[in-house]
Amino acid sequence: MSRLIDELRKLPGIGTKSAQRLAFHVLRASDADARALARAVLELREKLRLCSVCNNITDVDPCGYCTSAVRDQHVVCVIEEPTNIATIEKTRSYNGVYHVLHGTLSPIGGVGPEQLRIASLLARLGTAAEGDGVRAVREVILATSPTTEGEATAAYLAGEIRRVAPEMRVTRIATGVPAGSDIEYADEVTMTRAMEGRREF
Ligand SMILES: [Zn+2]
């Protein structure tokens, strides 16, 4: 019991009280439910990984977006979390590829550039600038949320991109997404406007 509580406490947003409540819930659950939970955790680790190109969650590496022949491999949309892909996909107005940062810069939260997938983004763009024709990226759309952290992250990325690929077109999504809110909660129309109204950074 204490082993399970210790493991649950490591999850984000779960304190000791919640961990105890969850552990007791598992204890009282049916055998089938407890096993299904354990199996889901194991299979997540065994079958899913991060795409070695864009860091999206995938069961094949590189992922379907990165290997797609019908998507525009010259446009890369930079987002905070894998879940943001669904928000942008449902607009049906974007046909490029993605790069998932897995967070935003947050000096208070102790998240610096090393904690995010920034080096792999710059490597991806740097190689493109050197003339790998097929995958050469021509535009990077910074689609981090219009929150303080999201804006700071976009500004930092724009500077770094200029450094490794001075010719790159760098754009920022329009503020159709309400300032201060997470793009995860943007509806289809808002997100479509934000993408279409993007401006040079
Ligand atoms: Zn990928």
# chains A, B, ... in the order shown; residues from 1 in each chain; ligands from 1
>>> residues_around(residues="Thr148 in chain A", least_positions_apart="2", cutoff="12 Å", atoms="only C-alpha atoms", output="ChimeraX atom specification")
/A:104-108,144-146,150-155,179-182
>>> write_last_selection(atoms="C-alpha atoms", output="PDB file, in the first residue's frame")
ATOM      1  CA  THR A 104       6.960  26.469 -21.999  1.00  0.00           C
ATOM      2  CA  LEU A 105       9.828  28.428 -20.551  1.00  0.00           C
ATOM      3  CA  SER A 106       9.081  29.246 -16.922  1.00  0.00           C
ATOM      4  CA  PRO A 107      11.840  30.802 -14.808  1.00  0.00           C
ATOM      5  CA  ILE A 108       9.619  30.492 -11.710  1.00  0.00           C
ATOM      6  CA  THR A 144       2.496  28.629 -28.174  1.00  0.00           C
ATOM      7  CA  SER A 145      -0.377  29.947 -26.020  1.00  0.00           C
ATOM      8  CA  PRO A 146      -0.842  33.722 -25.591  1.00  0.00           C
ATOM      9  CA  GLY A 150       3.863  31.165 -24.072  1.00  0.00           C
ATOM     10  CA  GLU A 151       4.784  34.668 -25.299  1.00  0.00           C
ATOM     11  CA  ALA A 152       8.196  34.527 -23.615  1.00  0.00           C
ATOM     12  CA  THR A 153       8.825  31.137 -25.203  1.00  0.00           C
ATOM     13  CA  ALA A 154       7.838  32.417 -28.665  1.00  0.00           C
ATOM     14  CA  ALA A 155      10.137  35.451 -28.309  1.00  0.00           C
ATOM     15  CA  ALA A 179      -4.858  36.637 -24.384  1.00  0.00           C
ATOM     16  CA  GLY A 180      -3.869  34.713 -21.295  1.00  0.00           C
ATOM     17  CA  SER A 181      -5.692  31.544 -22.304  1.00  0.00           C
ATOM     18  CA  ASP A 182      -4.359  28.168 -23.327  1.00  0.00           C
TER      19      ASP A 182
END
>>> residues_near_ligand(ligand="ligand 1", cutoff="7 Å", atoms="only C-alpha atoms and all ligand atoms", output="list in words")
Cys51, Ser52, Val53, Cys54, Asn55, Asn56, Pro62, Cys63, Gly64, Tyr65 and Cys66 of chain A
>>> residues_around(residues="Asp72 in chain A", least_positions_apart="4", cutoff="7 Å", atoms="only C-alpha atoms", output="PyMOL selection string")
chain A and resi 95-97
>>> select_by_dssp(residues="range 10-156 of chain A", states="helix (DSSP H, G or I)", output="PyMOL selection string")
chain A and resi 16-28+31-47+64-67+84-89+113-115+119-129+133-135+148-156
>>> write_last_selection(atoms="C-alpha atoms", output="compact mmCIF listing (two decimals), in the first residue's frame")
# COMPACT_ATOMS: atom_id res chain seq x y z
CA THR A 16 -0.43 12.54 -0.12
CA LYS A 17 -4.20 12.73 0.60
CA SER A 18 -5.15 12.15 -3.05
CA ALA A 19 -2.58 9.37 -3.39
CA GLN A 20 -4.08 7.60 -0.37
CA ARG A 21 -7.60 7.99 -1.74
CA LEU A 22 -6.54 6.56 -5.13
CA ALA A 23 -4.68 3.68 -3.51
CA PHE A 24 -7.74 2.75 -1.42
CA HIS A 25 -9.88 3.00 -4.53
CA VAL A 26 -7.60 0.51 -6.33
CA LEU A 27 -7.70 -1.79 -3.28
CA ARG A 28 -11.51 -1.83 -3.34
CA ASP A 31 -9.66 -7.47 -9.94
CA ALA A 32 -10.40 -6.74 -13.62
CA ASP A 33 -10.31 -2.95 -13.13
CA ALA A 34 -7.06 -3.03 -11.15
CA ARG A 35 -5.40 -5.23 -13.76
CA ALA A 36 -6.68 -3.04 -16.62
CA LEU A 37 -5.13 0.02 -14.94
CA ALA A 38 -1.77 -1.72 -14.45
CA ARG A 39 -1.82 -3.02 -18.02
CA ALA A 40 -2.65 0.40 -19.47
CA VAL A 41 0.35 1.93 -17.63
CA LEU A 42 2.70 -0.81 -18.85
CA GLU A 43 1.45 -0.74 -22.44
CA LEU A 44 1.74 3.04 -22.60
CA ARG A 45 5.44 2.66 -21.90
CA GLU A 46 5.93 -0.38 -24.12
CA LYS A 47 4.01 0.76 -27.18
CA GLY A 64 2.60 9.70 -39.33
CA TYR A 65 2.82 13.49 -39.70
CA CYS A 66 6.59 13.48 -40.23
CA THR A 67 6.45 10.76 -42.89
CA ASN A 84 -2.41 20.94 -29.12
CA ILE A 85 -2.15 19.00 -32.39
CA ALA A 86 -5.82 17.99 -32.10
CA THR A 87 -6.83 21.66 -31.58
CA ILE A 88 -5.03 22.71 -34.76
CA GLU A 89 -6.06 19.65 -36.80
CA PRO A 113 15.55 25.99 -22.64
CA GLU A 114 17.36 22.71 -21.76
CA GLN A 115 14.15 21.24 -20.31
CA ALA A 119 17.74 21.93 -29.38
CA SER A 120 16.07 19.36 -31.66
CA LEU A 121 13.95 22.11 -33.27
CA LEU A 122 17.01 24.24 -34.01
CA ALA A 123 18.88 21.19 -35.33
CA ARG A 124 15.91 20.46 -37.59
CA LEU A 125 15.90 24.01 -38.96
CA GLY A 126 19.69 24.30 -39.13
CA THR A 127 19.94 21.19 -41.30
CA ALA A 128 17.16 22.54 -43.49
CA ALA A 129 19.04 25.81 -43.93
CA GLY A 133 16.00 20.08 -50.25
CA VAL A 134 13.13 17.67 -49.61
CA ARG A 135 12.62 18.54 -45.96
CA THR A 148 3.04 35.10 -20.26
CA GLU A 149 5.07 31.89 -20.53
CA GLY A 150 3.86 31.17 -24.07
CA GLU A 151 4.78 34.67 -25.30
CA ALA A 152 8.20 34.53 -23.62
CA THR A 153 8.83 31.14 -25.20
CA ALA A 154 7.84 32.42 -28.66
CA ALA A 155 10.14 35.45 -28.31
CA TYR A 156 13.04 33.26 -27.18
>>> atom_distance(atom1="CA of Arg138 in chain A", atom2="CA of Gln73 in chain A")
9.0 Å
>>> closest_residue(among="A:Arg71, A:Gly110, A:Leu116, A:Gly15", to="Ser93 in chain A", atoms="only C-alpha atoms")
A:Arg71
>>> select_by_dssp(residues="chain A", states="strand (DSSP E or B)", output="ChimeraX atom specification")
/A:49-50,57-58,72-79,96-100,106,111,139-142,169-172,199-200
>>> atom_distance(atom1="CA of Glu184 in chain A", atom2="CA of His99 in chain A")
15.6 Å
>>> closest_residue(among="A:Arg163, A:Arg117, A:Arg198, A:Arg49", to="Glu80 in chain A", atoms="only C-alpha atoms")
A:Arg117
>>> closest_residue(among="A:Glu200, A:Glu160, A:Asp187, A:Glu81", to="His102 in chain A", atoms="only C-alpha atoms")
A:Glu81
>>> closest_residue(among="A:Thr91, A:Tyr98, A:Leu50, A:Gly103", to="Glu188 in chain A", atoms="only C-alpha atoms")
A:Thr91
>>> atom_distance(atom1="CA of Arg172 in chain A", atom2="CA of Leu142 in chain A")
4.8 Å
